[in-house]
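Asker: Before we start, here is the structure in question, set down as structure tokens.
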Amino acid sequence: MVPLEMGWRHLLFENWPVAPDVVDAHLPDRLAVDEHDGTAWLSAVPFTNVAVRPAGVPRRLGIRLPELNLRTYVTYDGEPAVYFFNLDAQGVASVIGARLFHHLPYYYARISLEPREGRIAFSSRRRHPGARPAEYEATYWPTGAPISAPDDPLARFLVERYSFFTEAPDGTLRRTGVDHEPWTLYPASAEVETNTLLQANGFAVPDADPVYFYSPGLDVRARASEVVGDDNRIGGEPDSTDFHT
């Protein structure tokens, strides 16, 4: 499997502080909760991928792939990383390919992302057969001066991570390295009309108000995913390619 190149654009990071034991109960055993100021964090991230293509393929041949994920922050052997609970995406073929060839827990969803007068309107509704329903609808926008993520403690904690972990549909733990420039974030506001993403992943809605960041995006190179050990099979949800639109 070859690495992938893409651009991540129009990202909202909707971040909640939560008790570490709440997150730990949902993680594979080999991952440890990472904390900032004594708390774990959950983040819902709507955005769109642009020019998604195998490394070396001309950018003009890439595809656009709107996405929504729920993530948290972990360490593995002391290495800070992201852990994805789900990756919902528009595009049946792309979701099937991500599951079959990259072993990532993608779910098919109907997603739209539209810039509207300086704001981003985002809507996602999961349509994956057999999966728990999940919906997310929000409008978001930047509200302040840009922040260099490496210079801000919370922003650095949330985004300056260069690998991510997922639990594959077969229950194995997988790691993917990513390469990109440091992030630039903006303080943001959001009007979130619907969000059942937390409940779909077994979390109660946190009591704390979320912290919002926006980024116009950056370009990314994702390496091929690799299995971390062979003792992480947990009986994940069966894969399916029987999609209905």
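Following the order of the structure tokens, chains are lettered A, B, ..., residues in each are numbered from 1, and ligands are numbered from 1.
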Give me, as JSON lines, the closest atom pair and its distance (Å, one decimal) for every residue of segment 125-164 of chain A within a cut-off of 6 Å of segment 182-206 of chain A, counting only C-alpha atoms, rows sorted by chain and rising number.

Answerer:
{"residue": "A:Arg132", "atom": "CA", "partner": "A:Ala200", "partner_atom": "CA", "distance": 5.8}
{"residue": "A:Ala134", "atom": "CA", "partner": "A:Leu197", "partner_atom": "CA", "distance": 5.2}
{"residue": "A:Glu135", "atom": "CA", "partner": "A:Thr196", "partner_atom": "CA", "distance": 5.4}
{"residue": "A:Tyr136", "atom": "CA", "partner": "A:Asn195", "partner_atom": "CA", "distance": 4.4}
{"residue": "A:Glu137", "atom": "CA", "partner": "A:Thr194", "partner_atom": "CA", "distance": 5.0}
{"residue": "A:Ala138", "atom": "CA", "partner": "A:Val192", "partner_atom": "CA", "distance": 4.2}
{"residue": "A:Thr139", "atom": "CA", "partner": "A:Glu191", "partner_atom": "CA", "distance": 5.2}
{"residue": "A:Tyr140", "atom": "CA", "partner": "A:Ala190", "partner_atom": "CA", "distance": 4.2}
{"residue": "A:Trp141", "atom": "CA", "partner": "A:Ala188", "partner_atom": "CA", "distance": 5.6}
{"residue": "A:Pro142", "atom": "CA", "partner": "A:Ala188", "partner_atom": "CA", "distance": 4.2}
{"residue": "A:Thr143", "atom": "CA", "partner": "A:Ala188", "partner_atom": "CA", "distance": 4.9}
{"residue": "A:Gly144", "atom": "CA", "partner": "A:Pro187", "partner_atom": "CA", "distance": 5.4}
{"residue": "A:Pro146", "atom": "CA", "partner": "A:Tyr186", "partner_atom": "CA", "distance": 4.7}
{"residue": "A:Ile147", "atom": "CA", "partner": "A:Leu185", "partner_atom": "CA", "distance": 5.1}
{"residue": "A:Ser148", "atom": "CA", "partner": "A:Thr184", "partner_atom": "CA", "distance": 4.9}
{"residue": "A:Ala149", "atom": "CA", "partner": "A:Trp183", "partner_atom": "CA", "distance": 5.5}

Asker: Can you spit out the residues from that selection as an mmCIF file, in the first residue's frame, using N, CA and C atoms?

Answerer:
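Final output, part-v3.cif:
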data_model
loop_
_atom_site.group_PDB
_atom_site.id
_atom_site.type_symbol
_atom_site.label_atom_id
_atom_site.label_comp_id
_atom_site.auth_asym_id
_atom_site.auth_seq_id
_atom_site.Cartn_x
_atom_site.Cartn_y
_atom_site.Cartn_z
ATOM 1 N N ARG A 132 -23.895 2.328 13.952
ATOM 2 C CA ARG A 132 -24.744 3.205 14.744
ATOM 3 C C ARG A 132 -24.966 4.511 14.002
ATOM 4 N N ALA A 134 -25.188 8.407 13.211
ATOM 5 C CA ALA A 134 -24.470 9.573 13.726
ATOM 6 C C ALA A 134 -24.743 10.756 12.806
ATOM 7 N N GLU A 135 -25.111 11.874 13.401
ATOM 8 C CA GLU A 135 -25.391 13.085 12.639
ATOM 9 C C GLU A 135 -24.631 14.263 13.245
ATOM 10 N N TYR A 136 -24.263 15.178 12.365
ATOM 11 C CA TYR A 136 -23.561 16.378 12.821
ATOM 12 C C TYR A 136 -23.906 17.493 11.844
ATOM 13 N N GLU A 137 -24.376 18.601 12.365
ATOM 14 C CA GLU A 137 -24.703 19.757 11.533
ATOM 15 C C GLU A 137 -24.267 21.014 12.258
ATOM 16 N N ALA A 138 -23.443 21.823 11.600
ATOM 17 C CA ALA A 138 -22.896 23.005 12.255
ATOM 18 C C ALA A 138 -22.508 24.057 11.228
ATOM 19 N N THR A 139 -22.475 25.288 11.693
ATOM 20 C CA THR A 139 -21.880 26.392 10.944
ATOM 21 C C THR A 139 -20.772 26.966 11.817
ATOM 22 N N TYR A 140 -19.587 27.181 11.232
ATOM 23 C CA TYR A 140 -18.454 27.633 12.042
ATOM 24 C C TYR A 140 -17.627 28.640 11.277
ATOM 25 N N TRP A 141 -16.828 29.430 12.046
ATOM 26 C CA TRP A 141 -16.070 30.500 11.433
ATOM 27 C C TRP A 141 -14.960 30.966 12.380
ATOM 28 N N PRO A 142 -13.862 31.500 11.826
ATOM 29 C CA PRO A 142 -12.784 32.048 12.674
ATOM 30 C C PRO A 142 -13.211 33.379 13.267
ATOM 31 N N THR A 143 -12.673 33.679 14.474
ATOM 32 C CA THR A 143 -13.092 34.895 15.171
ATOM 33 C C THR A 143 -11.941 35.768 15.641
ATOM 34 N N GLY A 144 -10.704 35.354 15.480
ATOM 35 C CA GLY A 144 -9.605 36.139 16.029
ATOM 36 C C GLY A 144 -8.346 36.009 15.201
ATOM 37 N N PRO A 146 -4.582 34.768 14.029
ATOM 38 C CA PRO A 146 -4.015 33.426 13.890
ATOM 39 C C PRO A 146 -3.097 33.068 15.055
ATOM 40 N N ILE A 147 -3.068 31.788 15.350
ATOM 41 C CA ILE A 147 -2.249 31.240 16.428
ATOM 42 C C ILE A 147 -1.282 30.238 15.817
ATOM 43 N N SER A 148 -0.002 30.398 16.067
ATOM 44 C CA SER A 148 0.963 29.364 15.701
ATOM 45 C C SER A 148 0.835 28.240 16.716
ATOM 46 N N ALA A 149 0.344 27.091 16.284
ATOM 47 C CA ALA A 149 0.032 26.022 17.231
ATOM 48 C C ALA A 149 1.212 25.626 18.112
#

Asker: When you look at Leu70 of chain A with a cut-off of 7 Å (counting only C-alpha atoms), what residues show up, excluding the ones that are within fewer than 5 positions of it in the same chain? I need them as a PyMOL selection string.

Answerer: chain A and resi 43-45+84-86

Asker: Save the residues we just selected, N, CA and C atoms, as a compact mmCIF listing (two decimals), in the first residue's frame?

Answerer:
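Okay, this is what ended up in out26.txt:
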# COMPACT_ATOMS: atom_id res chain seq x y z
N SER A 43 -12.36 15.45 20.60
CA SER A 43 -12.52 16.48 19.57
C SER A 43 -13.34 15.93 18.41
N ALA A 44 -14.40 16.66 18.05
CA ALA A 44 -15.11 16.40 16.79
C ALA A 44 -14.50 17.31 15.74
N VAL A 45 -14.18 16.75 14.57
CA VAL A 45 -13.46 17.50 13.54
C VAL A 45 -14.16 17.32 12.19
N PHE A 84 -8.37 7.81 16.58
CA PHE A 84 -9.66 8.05 15.95
C PHE A 84 -10.66 6.98 16.36
N PHE A 85 -11.80 7.43 16.89
CA PHE A 85 -12.89 6.51 17.17
C PHE A 85 -13.68 6.20 15.91
N ASN A 86 -13.84 7.19 15.05
CA ASN A 86 -14.52 6.95 13.79
C ASN A 86 -14.02 7.95 12.75

Asker: Write out as a PyMOL selection string all residues of segment 101-228 of chain A that DSSP puts in alpha helix (DSSP H) for this structure's backbone.

Answerer: chain A and resi 101+153-159+197-200

Asker: Just the selected residues (N, CA and C atoms), exported as an mmCIF file, in the first residue's frame, please.

Answerer:
data_model
loop_
_atom_site.group_PDB
_atom_site.id
_atom_site.type_symbol
_atom_site.label_atom_id
_atom_site.label_comp_id
_atom_site.auth_asym_id
_atom_site.auth_seq_id
_atom_site.Cartn_x
_atom_site.Cartn_y
_atom_site.Cartn_z
ATOM 1 N N PHE A 101 -8.000 -1.555 1.845
ATOM 2 C CA PHE A 101 -6.576 -1.443 1.542
ATOM 3 C C PHE A 101 -5.761 -0.756 2.632
ATOM 4 N N PRO A 153 0.015 26.336 24.260
ATOM 5 C CA PRO A 153 0.025 25.022 24.916
ATOM 6 C C PRO A 153 -1.149 24.117 24.534
ATOM 7 N N LEU A 154 -2.379 24.633 24.552
ATOM 8 C CA LEU A 154 -3.516 23.781 24.218
ATOM 9 C C LEU A 154 -3.531 23.446 22.734
ATOM 10 N N ALA A 155 -3.291 24.429 21.882
ATOM 11 C CA ALA A 155 -3.266 24.154 20.447
ATOM 12 C C ALA A 155 -2.191 23.134 20.100
ATOM 13 N N ARG A 156 -1.022 23.278 20.705
ATOM 14 C CA ARG A 156 0.051 22.312 20.457
ATOM 15 C C ARG A 156 -0.365 20.909 20.874
ATOM 16 N N PHE A 157 -0.997 20.792 22.027
ATOM 17 C CA PHE A 157 -1.453 19.494 22.512
ATOM 18 C C PHE A 157 -2.447 18.859 21.536
ATOM 19 N N LEU A 158 -3.349 19.658 20.996
ATOM 20 C CA LEU A 158 -4.427 19.127 20.167
ATOM 21 C C LEU A 158 -3.996 18.772 18.751
ATOM 22 N N VAL A 159 -3.073 19.507 18.157
ATOM 23 C CA VAL A 159 -2.838 19.307 16.720
ATOM 24 C C VAL A 159 -1.407 18.970 16.331
ATOM 25 N N LEU A 197 -22.526 12.445 17.440
ATOM 26 C CA LEU A 197 -21.287 11.703 17.226
ATOM 27 C C LEU A 197 -20.751 11.123 18.529
ATOM 28 N N LEU A 198 -20.841 11.884 19.601
ATOM 29 C CA LEU A 198 -20.361 11.397 20.891
ATOM 30 C C LEU A 198 -21.152 10.171 21.337
ATOM 31 N N GLN A 199 -22.469 10.276 21.287
ATOM 32 C CA GLN A 199 -23.300 9.155 21.716
ATOM 33 C C GLN A 199 -23.076 7.930 20.837
ATOM 34 N N ALA A 200 -22.861 8.126 19.533
ATOM 35 C CA ALA A 200 -22.633 6.997 18.630
ATOM 36 C C ALA A 200 -21.369 6.231 18.987
#

Asker: I'd like to know which of A:Pro150, A:Gly78, A:Pro66, A:Arg174 is closest to Arg110 of chain A, using only C-alpha atoms.

Answerer: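 Using only C-alpha atoms, the shortest distance to Arg110 of chain A belongs to A:Pro66.
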
Asker: Among segment 9-241 of chain A, which ones does DSSP assign to strand (DSSP E) (computed from the backbone)? Answer as a PyMOL selection string.

Answerer: chain A and resi 9-18+32-33+40-54+63-76+79-89+106-116+119-126+135-142+147-148+163-167+173-179+184-195+211-222+226-227

Asker: Atom CA of Phe165 of chain A to atom CA of Asp207 of chain A: how many Å, to one decimal?

Answerer: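 About the pair atom CA of Phe165 of chain A and atom CA of Asp207 of chain A: they are 26.6 Å apart.
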
Asker: Please list as a PyMOL selection string every residue within 9 Å of Leu61 of chain A, counting only C-alpha atoms and excluding residues in the same chain fewer than 5 positions away.

Answerer: chain A and resi 51-53

Asker: Hey, which of A:Ser112, A:Thr72, A:Ser225, A:Thr48 ends up closest to Glu35 of chain A? Count only C-alpha atoms.

Answerer: A:Thr72

Asker: Could you work out how far atom CA of Val50 of chain A lies from atom CA of Gly217 of chain A, giving the answer in Å with one decimal?

Answerer: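 About the pair atom CA of Gly217 of chain A and atom CA of Val50 of chain A: they are 10.2 Å apart.
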
Asker: Hey, which of A:Gly118, A:Pro105, A:Gly229, A:Val82 ends up closest to Ala131 of chain A? Count only C-alpha atoms.

Answerer: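 Once distances to Ala131 of chain A are computed over only C-alpha atoms, the minimum belongs to A:Pro105.
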
Asker: Restricting the calculation to only C-alpha atoms: of A:Glu14, A:Asp151, A:Asp21, A:Glu117, which residue gets closest to Asn69 of chain A?

Answerer: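 Once distances to Asn69 of chain A are computed over only C-alpha atoms, the minimum belongs to A:Glu14.
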
Asker: Between atom CA of Arg71 of chain A and atom CA of Trp8 of chain A, what distance in Å does the model show, to one decimal?

Answerer: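 So the two atoms, atom CA of Arg71 of chain A and atom CA of Trp8 of chain A, lie 15.7 Å apart.
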
Asker: Compare A:Leu87, A:Leu12, A:Val2, A:Val211 by their minimum atom-to-atom distance to Pro169 of chain A, counting only C-alpha atoms, and give me the closest one.

Answerer: A:Leu87
